[in-house]
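These notes concern the structure reproduced below.
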Amino acid sequence: EAKGMGGVEGVKKNISEIKENEVVKLNGTVVQVFEPRFYDACPECRKKLTFDEEGFKCASHGKVENKPQPILNLFFDDGTDNVRIVAFGDNVNAILDVKEVLELKDNPDKFKEVQRNIGGKQLEISGKVTKNTFFDRLEVIANSVRNADPKELAMELKE
């Protein structure tokens, strides 16, 4: 069991062992990263906004200014298997190692540079395993991301 606030971080698992609805902690390598997409979000709660003739609306907060929020998809491999990770908001900045992911919006050249820098990056990602019914596969919605600790990885390889 991972240390943390009452196991919110998730149970350390190999990708080959994950199951739907588990909260897991995975150590692995970024093998492929896709260009971030953006959606119009509420600046208060970050939920997706609707748009009509009056402008952007949040179901909870009414009329608001939209704040583009990033969604990032990547493939993550730990040697036992690989899984698609879906990340939002600050976790996107953490994975891509950029201060402001909006700089990458409509800027494929800048993204290619970032993409080159993070291929092979080793991370520890905690999140919830969900079933993507469209592709009939498991995915992990990241709720925390940090650079993997090389000492921890070395210890695990020894075990």
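In the structure tokens, chains take the letters A, B, ... in the order shown, each chain's residues start at 1, and ligands count up from 1 in the order shown.
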
Checklist line | Shell of 9 Å around stretch 41-52 of chain A, only C-alpha atoms, local chain residues under 3 positions omitted, as a list in words | finding: Phe38, Gly55, Phe56, Lys57, Cys58, Ala59, Ser60, His61, Val64, Glu65, Asn66, Lys67, Pro68, Gln69 and Gly89 of chain A

Extract, using only C-alpha atoms, all DNA, RNA and protein residues at most 12 Å from A:Ala142, discarding same-chain residues fewer than 5 positions from it, and format them as a PDB file with N, CA and C atoms, in the first residue's frame.
ATOM      1  N   GLU A   9      -3.360   7.800  -2.800  1.00  0.00           N
ATOM      2  CA  GLU A   9      -2.354   7.657  -3.859  1.00  0.00           C
ATOM      3  C   GLU A   9      -2.521   6.382  -4.656  1.00  0.00           C
ATOM      4  N   GLY A  10      -3.136   5.398  -4.049  1.00  0.00           N
ATOM      5  CA  GLY A  10      -3.358   4.172  -4.790  1.00  0.00           C
ATOM      6  C   GLY A  10      -2.385   3.076  -4.401  1.00  0.00           C
ATOM      7  N   VAL A  23      -7.821   2.286  -7.680  1.00  0.00           N
ATOM      8  CA  VAL A  23      -6.941   3.452  -7.632  1.00  0.00           C
ATOM      9  C   VAL A  23      -5.532   2.887  -7.473  1.00  0.00           C
ATOM     10  N   VAL A  24      -4.684   3.181  -8.453  1.00  0.00           N
ATOM     11  CA  VAL A  24      -3.377   2.531  -8.527  1.00  0.00           C
ATOM     12  C   VAL A  24      -2.251   3.554  -8.601  1.00  0.00           C
ATOM     13  N   LYS A  25      -1.057   3.067  -8.293  1.00  0.00           N
ATOM     14  CA  LYS A  25       0.152   3.870  -8.433  1.00  0.00           C
ATOM     15  C   LYS A  25       1.082   3.069  -9.341  1.00  0.00           C
ATOM     16  N   LEU A  26       1.458   3.679 -10.473  1.00  0.00           N
ATOM     17  CA  LEU A  26       2.261   2.984 -11.483  1.00  0.00           C
ATOM     18  C   LEU A  26       3.596   3.691 -11.662  1.00  0.00           C
ATOM     19  N   ILE A  71      -6.152  18.490 -22.011  1.00  0.00           N
ATOM     20  CA  ILE A  71      -6.297  17.042 -21.825  1.00  0.00           C
ATOM     21  C   ILE A  71      -5.128  16.418 -22.568  1.00  0.00           C
ATOM     22  N   LEU A  72      -4.411  15.520 -21.906  1.00  0.00           N
ATOM     23  CA  LEU A  72      -3.253  14.884 -22.528  1.00  0.00           C
ATOM     24  C   LEU A  72      -3.414  13.373 -22.479  1.00  0.00           C
ATOM     25  N   ASN A  73      -3.140  12.726 -23.597  1.00  0.00           N
ATOM     26  CA  ASN A  73      -3.129  11.266 -23.661  1.00  0.00           C
ATOM     27  C   ASN A  73      -1.709  10.803 -23.907  1.00  0.00           C
ATOM     28  N   LEU A  74      -1.313   9.748 -23.201  1.00  0.00           N
ATOM     29  CA  LEU A  74       0.006   9.187 -23.465  1.00  0.00           C
ATOM     30  C   LEU A  74      -0.015   7.696 -23.206  1.00  0.00           C
ATOM     31  N   PHE A  76       2.044   4.574 -21.551  1.00  0.00           N
ATOM     32  CA  PHE A  76       2.930   4.421 -20.412  1.00  0.00           C
ATOM     33  C   PHE A  76       3.238   2.936 -20.287  1.00  0.00           C
ATOM     34  N   VAL A  83      -0.292   1.085 -20.917  1.00  0.00           N
ATOM     35  CA  VAL A  83      -1.653   1.561 -20.708  1.00  0.00           C
ATOM     36  C   VAL A  83      -1.724   3.013 -21.147  1.00  0.00           C
ATOM     37  N   ARG A  84      -2.896   3.421 -21.597  1.00  0.00           N
ATOM     38  CA  ARG A  84      -3.112   4.818 -21.949  1.00  0.00           C
ATOM     39  C   ARG A  84      -3.421   5.579 -20.661  1.00  0.00           C
ATOM     40  N   ILE A  85      -2.719   6.687 -20.485  1.00  0.00           N
ATOM     41  CA  ILE A  85      -2.959   7.576 -19.347  1.00  0.00           C
ATOM     42  C   ILE A  85      -3.654   8.826 -19.889  1.00  0.00           C
ATOM     43  N   VAL A  86      -4.675   9.284 -19.188  1.00  0.00           N
ATOM     44  CA  VAL A  86      -5.352  10.529 -19.544  1.00  0.00           C
ATOM     45  C   VAL A  86      -5.115  11.506 -18.394  1.00  0.00           C
ATOM     46  N   ALA A  87      -4.562  12.678 -18.718  1.00  0.00           N
ATOM     47  CA  ALA A  87      -4.248  13.662 -17.685  1.00  0.00           C
ATOM     48  C   ALA A  87      -4.905  14.995 -18.012  1.00  0.00           C
ATOM     49  N   PHE A  88      -5.246  15.737 -16.960  1.00  0.00           N
ATOM     50  CA  PHE A  88      -5.892  17.045 -17.093  1.00  0.00           C
ATOM     51  C   PHE A  88      -5.096  18.080 -16.316  1.00  0.00           C
ATOM     52  N   GLY A  89      -5.310  19.355 -16.668  1.00  0.00           N
ATOM     53  CA  GLY A  89      -4.853  20.466 -15.837  1.00  0.00           C
ATOM     54  C   GLY A  89      -3.381  20.437 -15.487  1.00  0.00           C
ATOM     55  N   ASP A  90      -3.094  20.625 -14.198  1.00  0.00           N
ATOM     56  CA  ASP A  90      -1.709  20.740 -13.732  1.00  0.00           C
ATOM     57  C   ASP A  90      -0.901  19.476 -13.998  1.00  0.00           C
ATOM     58  N   ASN A  91      -1.578  18.318 -14.024  1.00  0.00           N
ATOM     59  CA  ASN A  91      -0.849  17.074 -14.304  1.00  0.00           C
ATOM     60  C   ASN A  91      -0.278  17.077 -15.714  1.00  0.00           C
ATOM     61  N   VAL A  92      -0.938  17.789 -16.639  1.00  0.00           N
ATOM     62  CA  VAL A  92      -0.421  17.893 -18.010  1.00  0.00           C
ATOM     63  C   VAL A  92       0.902  18.665 -17.986  1.00  0.00           C
ATOM     64  N   ALA A  94       2.917  18.917 -15.500  1.00  0.00           N
ATOM     65  CA  ALA A  94       3.908  18.069 -14.819  1.00  0.00           C
ATOM     66  C   ALA A  94       4.484  17.024 -15.765  1.00  0.00           C
ATOM     67  N   ILE A  95       3.628  16.386 -16.540  1.00  0.00           N
ATOM     68  CA  ILE A  95       4.102  15.342 -17.460  1.00  0.00           C
ATOM     69  C   ILE A  95       4.965  15.950 -18.565  1.00  0.00           C
ATOM     70  N   LEU A 123       8.175   8.156 -14.875  1.00  0.00           N
ATOM     71  CA  LEU A 123       7.244   8.837 -13.986  1.00  0.00           C
ATOM     72  C   LEU A 123       6.591   7.857 -13.034  1.00  0.00           C
ATOM     73  N   GLU A 124       6.059   8.431 -11.959  1.00  0.00           N
ATOM     74  CA  GLU A 124       5.168   7.688 -11.080  1.00  0.00           C
ATOM     75  C   GLU A 124       3.812   8.370 -11.225  1.00  0.00           C
ATOM     76  N   ILE A 125       2.830   7.619 -11.663  1.00  0.00           N
ATOM     77  CA  ILE A 125       1.499   8.168 -11.903  1.00  0.00           C
ATOM     78  C   ILE A 125       0.491   7.427 -11.042  1.00  0.00           C
ATOM     79  N   SER A 126      -0.267   8.194 -10.257  1.00  0.00           N
ATOM     80  CA  SER A 126      -1.369   7.609  -9.492  1.00  0.00           C
ATOM     81  C   SER A 126      -2.663   8.030 -10.156  1.00  0.00           C
ATOM     82  N   GLY A 127      -3.638   7.140 -10.148  1.00  0.00           N
ATOM     83  CA  GLY A 127      -4.908   7.504 -10.755  1.00  0.00           C
ATOM     84  C   GLY A 127      -5.901   6.370 -10.688  1.00  0.00           C
ATOM     85  N   LYS A 128      -7.068   6.642 -11.251  1.00  0.00           N
ATOM     86  CA  LYS A 128      -8.158   5.670 -11.238  1.00  0.00           C
ATOM     87  C   LYS A 128      -8.215   4.939 -12.566  1.00  0.00           C
ATOM     88  N   VAL A 129      -8.342   3.635 -12.490  1.00  0.00           N
ATOM     89  CA  VAL A 129      -8.449   2.808 -13.696  1.00  0.00           C
ATOM     90  C   VAL A 129      -9.899   2.848 -14.169  1.00  0.00           C
ATOM     91  N   THR A 130     -10.099   3.242 -15.430  1.00  0.00           N
ATOM     92  CA  THR A 130     -11.447   3.266 -15.994  1.00  0.00           C
ATOM     93  C   THR A 130     -11.453   2.414 -17.253  1.00  0.00           C
TER      94      THR A 130
END

Notebook entry, point to check: DSSP says strand (DSSP E or B) for which residues of chain A? Put them as a ChimeraX atom specification?
Noted result: /A:11-12,23-33,37-41,48,50-52,55-58,62-63,67-77,82-88,122-132,137-147

Using only C-alpha atoms, which protein or nucleic acid residues come within 7 Å of A:Gln32? Drop anything in the same chain fewer than 2 positions from it, and give the result as a PDB file with N, CA, C and O atoms, in the first residue's frame.
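selection-v2.pdb written:
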ATOM      1  N   VAL A  30       7.300   6.902 -20.233  1.00  0.00           N
ATOM      2  CA  VAL A  30       6.468   7.481 -21.282  1.00  0.00           C
ATOM      3  C   VAL A  30       6.966   6.941 -22.622  1.00  0.00           C
ATOM      4  O   VAL A  30       8.114   7.170 -22.985  1.00  0.00           O
ATOM      5  N   PHE A  34       0.698  12.249 -27.046  1.00  0.00           N
ATOM      6  CA  PHE A  34      -0.091  12.870 -28.108  1.00  0.00           C
ATOM      7  C   PHE A  34      -0.253  14.354 -27.813  1.00  0.00           C
ATOM      8  O   PHE A  34      -0.203  14.775 -26.660  1.00  0.00           O
ATOM      9  N   LEU A  74      -1.313   9.748 -23.201  1.00  0.00           N
ATOM     10  CA  LEU A  74       0.006   9.187 -23.465  1.00  0.00           C
ATOM     11  C   LEU A  74      -0.015   7.696 -23.206  1.00  0.00           C
ATOM     12  O   LEU A  74      -0.895   7.188 -22.512  1.00  0.00           O
ATOM     13  N   PHE A  75       0.933   6.992 -23.806  1.00  0.00           N
ATOM     14  CA  PHE A  75       1.101   5.571 -23.507  1.00  0.00           C
ATOM     15  C   PHE A  75       2.255   5.431 -22.538  1.00  0.00           C
ATOM     16  O   PHE A  75       3.295   6.081 -22.673  1.00  0.00           O
ATOM     17  N   GLY A 119       9.962  11.754 -24.300  1.00  0.00           N
ATOM     18  CA  GLY A 119       9.975  10.338 -24.648  1.00  0.00           C
ATOM     19  C   GLY A 119      10.986   9.635 -23.765  1.00  0.00           C
ATOM     20  O   GLY A 119      12.102  10.117 -23.608  1.00  0.00           O
TER      21      GLY A 119
END

Next item on the list: Within stretch 30-145 of chain A, find each residue whose DSSP state, derived from the backbone, is helix (DSSP H, G or I), and express the selection as a list in words.
Entry: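 These are the residues in question: Gly89, Asp90, Asn91, Val92, Asn93, Ala94, Ile95, Leu96, Val101, Leu102, Glu103, Leu104, Pro108, Asp109, Lys110, Phe111, Lys112, Glu113, Val114, Gln115, Arg116, Asn117 and Ile118 of chain A.
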
Next item on the list: Go through A:Asn82, A:Asn132, A:Pro36, A:Lys112 and flag the residue nearest A:Ile18, using only C-alpha atoms for the distances.
Entry: A:Asn82

Checklist line | Residues within 7 Å of A:Asp78, only C-alpha atoms, excluding chain neighbours under 5 positions, as a PyMOL selection string | finding: chain A and resi 14-15+27-29

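Shortest atom-to-atom contact with A:Arg116 among A:Val98, A:Val11, A:Ile141, A:Val33: A:Val33, counting only C-alpha atoms.
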